[in-house]
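J.: Dropping in data32.txt, with compact mmCIF, N, CA and C atoms.
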```
# COMPACT_ATOMS: atom_id res chain seq x y z
N MET A 1176 0.84 -1.16 0.00
CA MET A 1176 0.00 0.00 0.00
C MET A 1176 0.89 1.25 0.00
N SER A 1177 0.54 2.25 -0.77
CA SER A 1177 1.37 3.45 -0.88
C SER A 1177 1.10 4.39 0.30
N GLN A 1178 2.13 5.12 0.65
CA GLN A 1178 2.02 6.09 1.74
C GLN A 1178 1.64 7.45 1.16
N PRO A 1179 0.73 8.19 1.81
CA PRO A 1179 0.40 9.53 1.32
C PRO A 1179 1.60 10.47 1.45
N SER A 1180 1.71 11.44 0.54
CA SER A 1180 2.90 12.29 0.53
C SER A 1180 2.76 13.53 1.42
N TYR A 1181 1.55 13.96 1.69
CA TYR A 1181 1.32 15.17 2.50
C TYR A 1181 2.07 16.37 1.95
N ARG A 1182 2.11 16.50 0.63
CA ARG A 1182 2.86 17.58 0.00
C ARG A 1182 2.32 18.96 0.36
N VAL A 1183 0.99 19.12 0.35
CA VAL A 1183 0.40 20.42 0.67
C VAL A 1183 0.70 20.79 2.12
N LEU A 1184 0.58 19.82 3.02
CA LEU A 1184 0.88 20.08 4.42
C LEU A 1184 2.34 20.48 4.61
N ARG A 1185 3.23 19.82 3.89
CA ARG A 1185 4.65 20.17 3.99
C ARG A 1185 4.92 21.59 3.50
N VAL A 1186 4.25 21.98 2.43
CA VAL A 1186 4.44 23.34 1.90
C VAL A 1186 3.90 24.37 2.89
N VAL A 1187 2.71 24.13 3.44
CA VAL A 1187 2.13 25.06 4.42
C VAL A 1187 3.03 25.17 5.65
N LEU A 1188 3.49 24.05 6.17
CA LEU A 1188 4.38 24.08 7.33
C LEU A 1188 5.71 24.75 7.00
N GLY A 1189 6.22 24.55 5.80
CA GLY A 1189 7.46 25.21 5.38
C GLY A 1189 7.31 26.72 5.32
N PHE A 1190 6.20 27.19 4.76
CA PHE A 1190 5.96 28.64 4.70
C PHE A 1190 5.78 29.22 6.10
N LEU A 1191 5.05 28.53 6.96
CA LEU A 1191 4.89 29.00 8.33
C LEU A 1191 6.24 29.06 9.04
N SER A 1192 7.07 28.05 8.83
CA SER A 1192 8.39 28.04 9.43
C SER A 1192 9.24 29.20 8.93
N LEU A 1193 9.19 29.46 7.64
CA LEU A 1193 9.95 30.57 7.06
C LEU A 1193 9.48 31.91 7.60
N PHE A 1194 8.16 32.14 7.64
CA PHE A 1194 7.63 33.41 8.14
C PHE A 1194 7.96 33.61 9.62
N LEU A 1195 7.86 32.55 10.41
CA LEU A 1195 8.20 32.67 11.82
C LEU A 1195 9.69 32.93 12.02
N ALA A 1196 10.52 32.32 11.19
CA ALA A 1196 11.97 32.56 11.30
C ALA A 1196 12.30 34.01 10.96
N ILE A 1197 11.70 34.53 9.90
CA ILE A 1197 11.95 35.93 9.52
C ILE A 1197 11.44 36.86 10.61
N GLY A 1198 10.23 36.59 11.11
CA GLY A 1198 9.68 37.43 12.18
C GLY A 1198 10.51 37.35 13.45
N GLY A 1199 10.98 36.16 13.80
CA GLY A 1199 11.81 36.01 14.99
C GLY A 1199 13.12 36.77 14.89
N VAL A 1200 13.76 36.68 13.73
CA VAL A 1200 15.02 37.41 13.54
C VAL A 1200 14.78 38.91 13.58
N LEU A 1201 13.69 39.37 12.97
CA LEU A 1201 13.37 40.80 13.01
C LEU A 1201 13.08 41.26 14.44
N MET A 1202 12.40 40.43 15.22
CA MET A 1202 12.13 40.81 16.61
C MET A 1202 13.40 40.86 17.44
N ILE A 1203 14.31 39.93 17.21
CA ILE A 1203 15.53 39.89 18.00
C ILE A 1203 16.44 41.07 17.68
N PHE A 1204 16.57 41.41 16.40
CA PHE A 1204 17.52 42.46 16.01
C PHE A 1204 16.86 43.81 15.75
N SER A 1205 15.64 44.01 16.22
CA SER A 1205 14.94 45.28 15.94
C SER A 1205 15.38 46.37 16.92
N SER A 1206 15.22 47.59 16.47
CA SER A 1206 15.53 48.75 17.30
C SER A 1206 14.23 49.48 17.63
N LYS A 1207 14.35 50.49 18.44
CA LYS A 1207 13.17 51.27 18.84
C LYS A 1207 12.52 51.95 17.64
N LEU A 1208 13.32 52.48 16.73
CA LEU A 1208 12.77 53.16 15.56
C LEU A 1208 12.03 52.18 14.64
N PHE A 1209 12.60 50.98 14.48
CA PHE A 1209 11.95 49.98 13.64
C PHE A 1209 10.61 49.55 14.24
N ILE A 1210 10.58 49.36 15.55
CA ILE A 1210 9.34 48.96 16.21
C ILE A 1210 8.29 50.06 16.09
N MET A 1211 8.70 51.30 16.21
CA MET A 1211 7.73 52.40 16.06
C MET A 1211 7.16 52.43 14.64
N ARG A 1212 7.97 52.11 13.66
CA ARG A 1212 7.48 52.09 12.29
C ARG A 1212 6.54 50.91 12.04
N VAL A 1213 6.87 49.75 12.58
CA VAL A 1213 6.06 48.55 12.39
C VAL A 1213 4.70 48.69 13.07
N PHE A 1214 4.69 49.27 14.28
CA PHE A 1214 3.45 49.41 15.03
C PHE A 1214 2.68 50.68 14.69
N MET A 1215 2.90 51.21 13.52
CA MET A 1215 2.16 52.36 12.99
C MET A 1215 2.29 53.60 13.87
N HIS A 1216 3.50 53.92 14.29
CA HIS A 1216 3.86 55.14 15.00
C HIS A 1216 3.05 55.37 16.27
N PRO A 1217 3.19 54.48 17.27
CA PRO A 1217 2.53 54.73 18.55
C PRO A 1217 3.27 55.85 19.29
N PRO A 1218 2.71 56.38 20.36
CA PRO A 1218 3.46 57.36 21.15
C PRO A 1218 4.77 56.76 21.65
N GLU A 1219 5.81 57.58 21.65
CA GLU A 1219 7.16 57.07 21.94
C GLU A 1219 7.28 56.52 23.35
N PHE A 1220 6.51 57.04 24.30
CA PHE A 1220 6.63 56.56 25.68
C PHE A 1220 6.06 55.15 25.85
N GLU A 1221 5.31 54.65 24.88
CA GLU A 1221 4.78 53.29 24.99
C GLU A 1221 5.80 52.23 24.59
N ILE A 1222 6.86 52.61 23.91
CA ILE A 1222 7.93 51.69 23.54
C ILE A 1222 9.02 51.80 24.60
N SER A 1223 8.92 51.00 25.64
CA SER A 1223 9.89 51.07 26.74
C SER A 1223 10.99 50.02 26.55
N THR A 1224 11.98 50.10 27.39
CA THR A 1224 13.06 49.11 27.37
C THR A 1224 12.53 47.73 27.75
N LEU A 1225 11.60 47.69 28.69
CA LEU A 1225 11.00 46.43 29.09
C LEU A 1225 10.23 45.81 27.92
N PHE A 1226 9.53 46.63 27.15
CA PHE A 1226 8.81 46.13 25.98
C PHE A 1226 9.78 45.56 24.95
N LEU A 1227 10.88 46.26 24.71
CA LEU A 1227 11.87 45.77 23.74
C LEU A 1227 12.52 44.48 24.21
N ALA A 1228 12.78 44.36 25.51
CA ALA A 1228 13.37 43.12 26.03
C ALA A 1228 12.37 41.96 25.88
N ALA A 1229 11.10 42.22 26.18
CA ALA A 1229 10.08 41.17 26.03
C ALA A 1229 9.91 40.80 24.56
N LEU A 1230 10.03 41.77 23.67
CA LEU A 1230 9.91 41.50 22.24
C LEU A 1230 11.06 40.61 21.76
N LYS A 1231 12.24 40.83 22.27
CA LYS A 1231 13.38 39.98 21.89
C LYS A 1231 13.20 38.56 22.42
N GLU A 1232 12.62 38.41 23.61
CA GLU A 1232 12.31 37.08 24.13
C GLU A 1232 11.28 36.39 23.23
N MET A 1233 10.28 37.12 22.79
CA MET A 1233 9.27 36.56 21.90
C MET A 1233 9.89 36.17 20.56
N GLY A 1234 10.90 36.91 20.12
CA GLY A 1234 11.62 36.53 18.90
C GLY A 1234 12.30 35.19 19.04
N GLY A 1235 12.87 34.93 20.23
CA GLY A 1235 13.48 33.63 20.48
C GLY A 1235 12.44 32.53 20.47
N LEU A 1236 11.27 32.78 21.04
CA LEU A 1236 10.19 31.79 21.00
C LEU A 1236 9.72 31.54 19.57
N ALA A 1237 9.66 32.61 18.77
CA ALA A 1237 9.26 32.44 17.37
C ALA A 1237 10.26 31.59 16.60
N LEU A 1238 11.55 31.79 16.87
CA LEU A 1238 12.56 30.95 16.22
C LEU A 1238 12.46 29.50 16.68
N MET A 1239 12.15 29.28 17.95
CA MET A 1239 11.99 27.91 18.44
C MET A 1239 10.82 27.22 17.75
N ILE A 1240 9.71 27.92 17.62
CA ILE A 1240 8.54 27.34 16.94
C ILE A 1240 8.84 27.12 15.46
N SER A 1241 9.64 28.01 14.88
CA SER A 1241 10.03 27.85 13.48
C SER A 1241 10.82 26.56 13.27
N VAL A 1242 11.73 26.27 14.18
CA VAL A 1242 12.51 25.03 14.07
C VAL A 1242 11.59 23.82 14.22
N MET A 1243 10.66 23.88 15.16
CA MET A 1243 9.72 22.77 15.36
C MET A 1243 8.88 22.55 14.10
N LEU A 1244 8.43 23.63 13.47
CA LEU A 1244 7.64 23.50 12.24
C LEU A 1244 8.48 22.96 11.09
N CYS A 1245 9.76 23.32 11.07
CA CYS A 1245 10.65 22.80 10.04
C CYS A 1245 10.80 21.28 10.19
N PHE A 1246 10.95 20.81 11.43
CA PHE A 1246 11.01 19.36 11.67
C PHE A 1246 9.70 18.68 11.31
N ALA A 1247 8.58 19.33 11.64
CA ALA A 1247 7.27 18.75 11.31
C ALA A 1247 7.06 18.71 9.80
N ALA A 1248 7.60 19.67 9.07
CA ALA A 1248 7.46 19.67 7.61
C ALA A 1248 8.26 18.54 6.98
N ARG A 1249 9.37 18.15 7.60
CA ARG A 1249 10.18 17.06 7.06
C ARG A 1249 9.49 15.72 7.17
N ASP A 1250 8.79 15.48 8.30
CA ASP A 1250 8.12 14.21 8.51
C ASP A 1250 6.81 14.44 9.27
N PRO A 1251 5.73 14.80 8.55
CA PRO A 1251 4.47 15.14 9.23
C PRO A 1251 3.85 13.98 10.00
N GLU A 1252 4.05 12.74 9.55
CA GLU A 1252 3.43 11.61 10.23
C GLU A 1252 4.00 11.39 11.62
N ARG A 1253 5.27 11.61 11.80
CA ARG A 1253 5.88 11.41 13.11
C ARG A 1253 5.68 12.60 14.03
N ASN A 1254 5.34 13.77 13.48
CA ASN A 1254 5.24 15.00 14.26
C ASN A 1254 3.83 15.57 14.28
N VAL A 1255 2.86 14.70 14.37
CA VAL A 1255 1.46 15.14 14.40
C VAL A 1255 1.20 16.01 15.63
N SER A 1256 1.86 15.72 16.73
CA SER A 1256 1.64 16.49 17.95
C SER A 1256 2.09 17.95 17.78
N ILE A 1257 3.15 18.18 17.02
CA ILE A 1257 3.58 19.55 16.75
C ILE A 1257 2.53 20.27 15.93
N ILE A 1258 1.99 19.60 14.93
CA ILE A 1258 0.96 20.21 14.08
C ILE A 1258 -0.28 20.51 14.91
N ASP A 1259 -0.67 19.58 15.77
CA ASP A 1259 -1.82 19.81 16.64
C ASP A 1259 -1.58 20.99 17.59
N ALA A 1260 -0.39 21.07 18.15
CA ALA A 1260 -0.07 22.15 19.08
C ALA A 1260 -0.08 23.51 18.38
N VAL A 1261 0.44 23.57 17.17
CA VAL A 1261 0.43 24.84 16.42
C VAL A 1261 -1.00 25.22 16.07
N SER A 1262 -1.79 24.25 15.69
CA SER A 1262 -3.19 24.52 15.38
C SER A 1262 -3.94 25.04 16.61
N MET A 1263 -3.73 24.43 17.75
CA MET A 1263 -4.36 24.89 18.98
C MET A 1263 -3.84 26.26 19.40
N GLY A 1264 -2.54 26.47 19.23
CA GLY A 1264 -1.96 27.78 19.53
C GLY A 1264 -2.54 28.88 18.66
N LEU A 1265 -2.79 28.58 17.40
CA LEU A 1265 -3.42 29.57 16.52
C LEU A 1265 -4.84 29.89 16.97
N CYS A 1266 -5.55 28.90 17.46
CA CYS A 1266 -6.91 29.14 17.99
C CYS A 1266 -6.84 30.06 19.21
N ILE A 1267 -5.89 29.81 20.10
CA ILE A 1267 -5.73 30.66 21.27
C ILE A 1267 -5.32 32.07 20.86
N LEU A 1268 -4.41 32.16 19.88
CA LEU A 1268 -3.98 33.47 19.41
C LEU A 1268 -5.07 34.21 18.63
N ALA A 1269 -6.08 33.51 18.21
CA ALA A 1269 -7.21 34.18 17.55
C ALA A 1269 -8.15 34.79 18.58
N ILE A 1270 -8.21 34.21 19.76
CA ILE A 1270 -9.14 34.68 20.79
C ILE A 1270 -8.54 35.81 21.63
N THR A 1271 -7.25 35.73 21.95
CA THR A 1271 -6.66 36.72 22.86
C THR A 1271 -6.69 38.17 22.36
N PRO A 1272 -6.47 38.45 21.06
CA PRO A 1272 -6.60 39.86 20.65
C PRO A 1272 -8.03 40.39 20.78
N LEU A 1273 -8.99 39.51 20.61
CA LEU A 1273 -10.39 39.94 20.76
C LEU A 1273 -10.70 40.27 22.22
N ILE A 1274 -10.12 39.51 23.13
CA ILE A 1274 -10.27 39.83 24.55
C ILE A 1274 -9.59 41.16 24.86
N SER A 1275 -8.41 41.38 24.29
CA SER A 1275 -7.71 42.64 24.49
C SER A 1275 -8.50 43.81 23.90
N LEU A 1276 -9.16 43.58 22.80
CA LEU A 1276 -9.93 44.64 22.16
C LEU A 1276 -11.06 45.11 23.08
N TYR A 1277 -11.66 44.20 23.81
CA TYR A 1277 -12.79 44.57 24.65
C TYR A 1277 -12.41 44.90 26.08
N THR A 1278 -11.24 44.49 26.56
CA THR A 1278 -10.87 44.78 27.94
C THR A 1278 -9.84 45.90 28.07
N LEU A 1279 -9.05 46.13 27.05
CA LEU A 1279 -8.04 47.19 27.07
C LEU A 1279 -8.41 48.26 26.05
N ASP A 1280 -7.61 49.30 25.99
CA ASP A 1280 -7.86 50.38 25.05
C ASP A 1280 -7.04 50.17 23.77
N VAL A 1281 -7.11 48.97 23.22
CA VAL A 1281 -6.36 48.66 22.01
C VAL A 1281 -7.02 49.28 20.79
N GLY A 1282 -8.32 49.53 20.87
CA GLY A 1282 -9.04 50.11 19.74
C GLY A 1282 -8.53 51.49 19.36
N SER A 1283 -7.88 52.19 20.30
CA SER A 1283 -7.32 53.51 19.96
C SER A 1283 -6.02 53.38 19.17
N LEU A 1284 -5.35 52.23 19.30
CA LEU A 1284 -4.10 52.02 18.56
C LEU A 1284 -4.32 51.36 17.20
N TYR A 1285 -5.25 50.40 17.15
CA TYR A 1285 -5.51 49.65 15.93
C TYR A 1285 -7.00 49.68 15.62
N ALA A 1286 -7.32 49.57 14.36
CA ALA A 1286 -8.72 49.48 13.96
C ALA A 1286 -9.27 48.10 14.35
N GLY A 1287 -10.50 48.08 14.83
CA GLY A 1287 -11.11 46.82 15.24
C GLY A 1287 -11.21 45.82 14.11
N GLN A 1288 -11.40 46.32 12.88
CA GLN A 1288 -11.50 45.42 11.73
C GLN A 1288 -10.19 44.68 11.50
N LEU A 1289 -9.06 45.33 11.74
CA LEU A 1289 -7.77 44.65 11.59
C LEU A 1289 -7.62 43.53 12.60
N ILE A 1290 -8.05 43.77 13.82
CA ILE A 1290 -7.93 42.75 14.87
C ILE A 1290 -8.85 41.58 14.55
N TRP A 1291 -10.10 41.87 14.15
CA TRP A 1291 -11.03 40.79 13.78
C TRP A 1291 -10.52 40.03 12.56
N GLY A 1292 -9.98 40.74 11.57
CA GLY A 1292 -9.46 40.09 10.37
C GLY A 1292 -8.28 39.18 10.67
N ARG A 1293 -7.38 39.65 11.53
CA ARG A 1293 -6.23 38.84 11.91
C ARG A 1293 -6.68 37.58 12.66
N SER A 1294 -7.68 37.73 13.52
CA SER A 1294 -8.20 36.57 14.26
C SER A 1294 -8.85 35.57 13.31
N PHE A 1295 -9.58 36.08 12.33
CA PHE A 1295 -10.21 35.20 11.35
C PHE A 1295 -9.17 34.44 10.53
N VAL A 1296 -8.10 35.12 10.12
CA VAL A 1296 -7.03 34.47 9.35
C VAL A 1296 -6.36 33.39 10.19
N ARG A 1297 -6.14 33.66 11.47
CA ARG A 1297 -5.53 32.65 12.33
C ARG A 1297 -6.43 31.43 12.49
N LEU A 1298 -7.73 31.66 12.66
CA LEU A 1298 -8.66 30.53 12.77
C LEU A 1298 -8.71 29.73 11.47
N ALA A 1299 -8.68 30.43 10.34
CA ALA A 1299 -8.69 29.72 9.05
C ALA A 1299 -7.42 28.89 8.88
N LEU A 1300 -6.29 29.43 9.26
CA LEU A 1300 -5.03 28.69 9.16
C LEU A 1300 -5.04 27.48 10.09
N ALA A 1301 -5.59 27.65 11.28
CA ALA A 1301 -5.70 26.51 12.21
C ALA A 1301 -6.60 25.43 11.61
N GLY A 1302 -7.68 25.83 10.96
CA GLY A 1302 -8.57 24.87 10.32
C GLY A 1302 -7.88 24.14 9.18
N ILE A 1303 -7.09 24.86 8.40
CA ILE A 1303 -6.36 24.23 7.29
C ILE A 1303 -5.35 23.21 7.83
N LEU A 1304 -4.62 23.59 8.87
CA LEU A 1304 -3.65 22.65 9.46
C LEU A 1304 -4.35 21.42 10.03
N TYR A 1305 -5.50 21.63 10.67
CA TYR A 1305 -6.22 20.49 11.23
C TYR A 1305 -6.75 19.58 10.12
N TYR A 1306 -7.21 20.17 9.04
CA TYR A 1306 -7.74 19.39 7.92
C TYR A 1306 -6.63 18.60 7.22
N LEU A 1307 -5.45 19.19 7.11
CA LEU A 1307 -4.35 18.55 6.37
C LEU A 1307 -3.50 17.62 7.22
N ARG A 1308 -3.69 17.62 8.53
CA ARG A 1308 -2.82 16.82 9.39
C ARG A 1308 -3.01 15.33 9.14
N PRO A 1309 -1.96 14.54 9.32
CA PRO A 1309 -2.07 13.09 9.12
C PRO A 1309 -3.04 12.49 10.13
N ARG A 1310 -3.87 11.60 9.65
CA ARG A 1310 -4.82 10.90 10.52
C ARG A 1310 -4.16 9.65 11.07
N ARG A 1311 -4.57 9.26 12.23
CA ARG A 1311 -4.01 8.05 12.82
C ARG A 1311 -4.53 6.84 12.08
N THR A 1312 -3.65 5.91 11.88
CA THR A 1312 -4.04 4.65 11.25
C THR A 1312 -4.11 3.57 12.31
N GLY A 1313 -4.81 2.53 12.01
CA GLY A 1313 -4.95 1.43 12.96
C GLY A 1313 -3.62 0.73 13.18
N TRP A 1314 -3.53 0.00 14.27
CA TRP A 1314 -2.32 -0.71 14.60
C TRP A 1314 -2.17 -1.88 13.65
N LYS A 1315 -0.95 -2.07 13.14
CA LYS A 1315 -0.67 -3.18 12.24
C LYS A 1315 0.52 -3.96 12.78
N PRO A 1316 0.45 -5.27 12.79
CA PRO A 1316 1.60 -6.04 13.28
C PRO A 1316 2.75 -5.97 12.30
N VAL A 1317 3.93 -6.05 12.84
CA VAL A 1317 5.14 -6.03 12.02
C VAL A 1317 5.40 -7.44 11.52
N GLY A 1318 5.84 -7.52 10.28
CA GLY A 1318 6.16 -8.84 9.73
C GLY A 1318 5.18 -9.25 8.66
N ASN A 1319 4.74 -10.51 8.71
CA ASN A 1319 3.83 -11.04 7.70
C ASN A 1319 2.49 -10.33 7.74
N SER A 1320 1.99 -9.99 6.55
CA SER A 1320 0.71 -9.29 6.48
C SER A 1320 -0.43 -10.27 6.46
```
Please render this file's structure as structure tokens.

T.:
Amino acid sequence: MSQPSYRVLRVVLGFLSLFLAIGGVLMIFSSKLFIMRVFMHPPEFEISTLFLAALKEMGGLALMISVMLCFAARDPERNVSIIDAVSMGLCILAITPLISLYTLDVGSLYAGQLIWGRSFVRLALAGILYYLRPRRTGWKPVGNS
């Protein structure tokens, strides 16, 4: 019996790994001026040293997840748990900005439509990963069929 290739899943995981790696490197090596430009020119007092340090830590986490996705793209059948975790993480990341929108004053910094759109894209990506993930097969004995 032939094994499925999971080519589409490998491509999606590869692109996610690439985007996370680029984002992680940008977060680690970013400066205050770059962050002000990326975040659409917030007031300068909101970009503190503590924020920049936390952003660099998040860049390290993004690089770690990028490596995990790269390994999952190489062999999706053995790394289903990584795919499931990323899919669940995307669902959580879709909900948290909406909570911030209603509990904090984030609406003054960003348009609500952008936050809702980003959450929708994250949920759609989580759905695509869940749909493309390898399904478990029944147990088969080793040896004679």

J.: Just the number, please: distance in Å from atom C of A:Phe1226 to atom CA of A:Leu1298, one decimal.

T.: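 Interatomic distance here is 26.7 Å.
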
J.: Any chance you could work out the axis-aligned box around stretch 1197-1210 of chain A, listed atoms only, 5 Å on each side, giving centre and edge lengths in Å to one decimal, as lines of an AutoDock Vina configuration file?

T.:
```
center_x = 12.9
center_y = 43.8
center_z = 14.2
size_x = 19.2
size_y = 28.6
size_z = 19.3
```

J.: Extract, using all atoms listed in the file, all DNA, RNA and protein residues at most 6.5 Å from A:Ala1269, discarding same-chain residues fewer than 5 positions from it, and format them as a list of chain:residue names.

T.: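 In the requested form, the answer reads A:Gly1264, A:Arg1293, A:Ser1294, A:Phe1295, A:Arg1297, A:Leu1298.
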
J.: Restricting it to N, CA and C atoms, dump the selection as a PDB file, in the coordinates of the input.

T.:
```pdb
ATOM      1  N   GLY A1264      -2.540  26.470  19.230  1.00  0.00           N
ATOM      2  CA  GLY A1264      -1.960  27.780  19.530  1.00  0.00           C
ATOM      3  C   GLY A1264      -2.540  28.880  18.660  1.00  0.00           C
ATOM      4  N   ARG A1293      -7.380  39.650  11.530  1.00  0.00           N
ATOM      5  CA  ARG A1293      -6.230  38.840  11.910  1.00  0.00           C
ATOM      6  C   ARG A1293      -6.680  37.580  12.660  1.00  0.00           C
ATOM      7  N   SER A1294      -7.680  37.730  13.520  1.00  0.00           N
ATOM      8  CA  SER A1294      -8.200  36.570  14.260  1.00  0.00           C
ATOM      9  C   SER A1294      -8.850  35.570  13.310  1.00  0.00           C
ATOM     10  N   PHE A1295      -9.580  36.080  12.330  1.00  0.00           N
ATOM     11  CA  PHE A1295     -10.210  35.200  11.350  1.00  0.00           C
ATOM     12  C   PHE A1295      -9.170  34.440  10.530  1.00  0.00           C
ATOM     13  N   ARG A1297      -6.140  33.660  11.470  1.00  0.00           N
ATOM     14  CA  ARG A1297      -5.530  32.650  12.330  1.00  0.00           C
ATOM     15  C   ARG A1297      -6.430  31.430  12.490  1.00  0.00           C
ATOM     16  N   LEU A1298      -7.730  31.660  12.660  1.00  0.00           N
ATOM     17  CA  LEU A1298      -8.660  30.530  12.770  1.00  0.00           C
ATOM     18  C   LEU A1298      -8.710  29.730  11.470  1.00  0.00           C
TER      19      LEU A1298
END
```

J.: May I ask for the distance between atom N of A:Pro1218 and atom CA of A:Tyr1277, given in Å to one decimal place?

T.: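 For atom N of A:Pro1218 relative to atom CA of A:Tyr1277, the distance reads 20.0 Å.
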
J.: Atom N of A:Leu1284 and atom CA of A:Phe1220 are how many Å apart?

T.: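 Separation between atom N of A:Leu1284 and atom CA of A:Phe1220: 14.2 Å.
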
J.: Give the alpha helix (DSSP H) residues of chain A, as assigned by DSSP on the backbone, as a count of residues only.

T.: 100

J.: Enumerate, in order of chain and increasing residue number, the residues of stretch 1273-1314 of chain A with an atom no farther than 8 Å from stretch 1177-1189 of chain A, each with its shortest atom pair and distance in Å to one decimal, counting only N, CA and C atoms, as JSON lines.

T.:
```
{"residue": "A:Ile1303", "atom": "C", "partner": "A:Leu1184", "partner_atom": "CA", "distance": 7.8}
{"residue": "A:Leu1304", "atom": "CA", "partner": "A:Leu1184", "partner_atom": "CA", "distance": 7.2}
{"residue": "A:Leu1307", "atom": "C", "partner": "A:Leu1184", "partner_atom": "CA", "distance": 5.8}
{"residue": "A:Arg1308", "atom": "N", "partner": "A:Leu1184", "partner_atom": "CA", "distance": 6.6}
{"residue": "A:Pro1309", "atom": "N", "partner": "A:Tyr1181", "partner_atom": "CA", "distance": 7.6}
```

J.: When distances are computed from all atoms listed in the file, which of A:Ile1222, A:Leu1195, A:Ile1203, A:Ala1248 shows the smallest separation from A:Gly1234?

T.: A:Ile1203

J.: Which one is closest to A:Lys1207: A:Leu1191, A:Asn1254, A:Met1239, A:Leu1227? Count only N, CA and C atoms.

T.: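 Closest candidate: A:Leu1227.
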
J.: For A:Thr1271, which residue out of A:Ile1290, A:Val1296, A:Ile1197, A:Leu1230 is the nearest one, using only C-alpha atoms?

T.: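 Nearest candidate to A:Thr1271 out of A:Ile1290, A:Val1296, A:Ile1197, A:Leu1230: A:Ile1290.
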
J.: Of the candidates A:Leu1289, A:Ile1267, A:Leu1276, A:Met1202, which shows the shortest atom-to-atom distance to A:Glu1232, using all atoms listed in the file?

T.: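 For A:Glu1232, the nearest of the given residues is A:Met1202.
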
J.: Restricting the calculation to only C-alpha atoms: of A:Phe1190, A:Val1213, A:Ser1275, A:Ser1205, which residue gets closest to A:Cys1245?

T.: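 Of the candidates, the smallest distance to A:Cys1245 is held by A:Phe1190.
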
J.: Neighbouring residues of A:Phe1194 were defined as those with any atom within 8 Å, considering only N, CA and C atoms; residues of the same chain fewer than 6 positions away were excluded. Please report them as a ChimeraX atom specification.

T.: /A:1188,1200,1237,1241

J.: For those residues, write N, CA and C atoms to a file as a PDB file, keeping the file's coordinate frame.

T.:
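For reference, part-v1.pdb as written:
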```
ATOM      1  N   LEU A1188       3.490  24.050   6.170  1.00  0.00           N
ATOM      2  CA  LEU A1188       4.380  24.080   7.330  1.00  0.00           C
ATOM      3  C   LEU A1188       5.710  24.750   7.000  1.00  0.00           C
ATOM      4  N   VAL A1200      13.760  36.680  13.730  1.00  0.00           N
ATOM      5  CA  VAL A1200      15.020  37.410  13.540  1.00  0.00           C
ATOM      6  C   VAL A1200      14.780  38.910  13.580  1.00  0.00           C
ATOM      7  N   ALA A1237       9.660  32.610  18.770  1.00  0.00           N
ATOM      8  CA  ALA A1237       9.260  32.440  17.370  1.00  0.00           C
ATOM      9  C   ALA A1237      10.260  31.590  16.600  1.00  0.00           C
ATOM     10  N   SER A1241       9.640  28.010  14.880  1.00  0.00           N
ATOM     11  CA  SER A1241      10.030  27.850  13.480  1.00  0.00           C
ATOM     12  C   SER A1241      10.820  26.560  13.270  1.00  0.00           C
TER      13      SER A1241
END
```

J.: Give the answer as one residue: which of A:Leu1300, A:Gly1199, A:Ile1210, A:Trp1291 has the shortest atom-to-atom distance to A:Leu1236, using all atoms listed in the file?

T.: A:Gly1199

J.: Please list as a PyMOL selection string every residue within 10 Å of A:Tyr1285, counting only C-alpha atoms and excluding residues in the same chain fewer than 3 positions away.

T.: chain A and resi 1214-1215+1217+1276+1280-1282+1288-1290
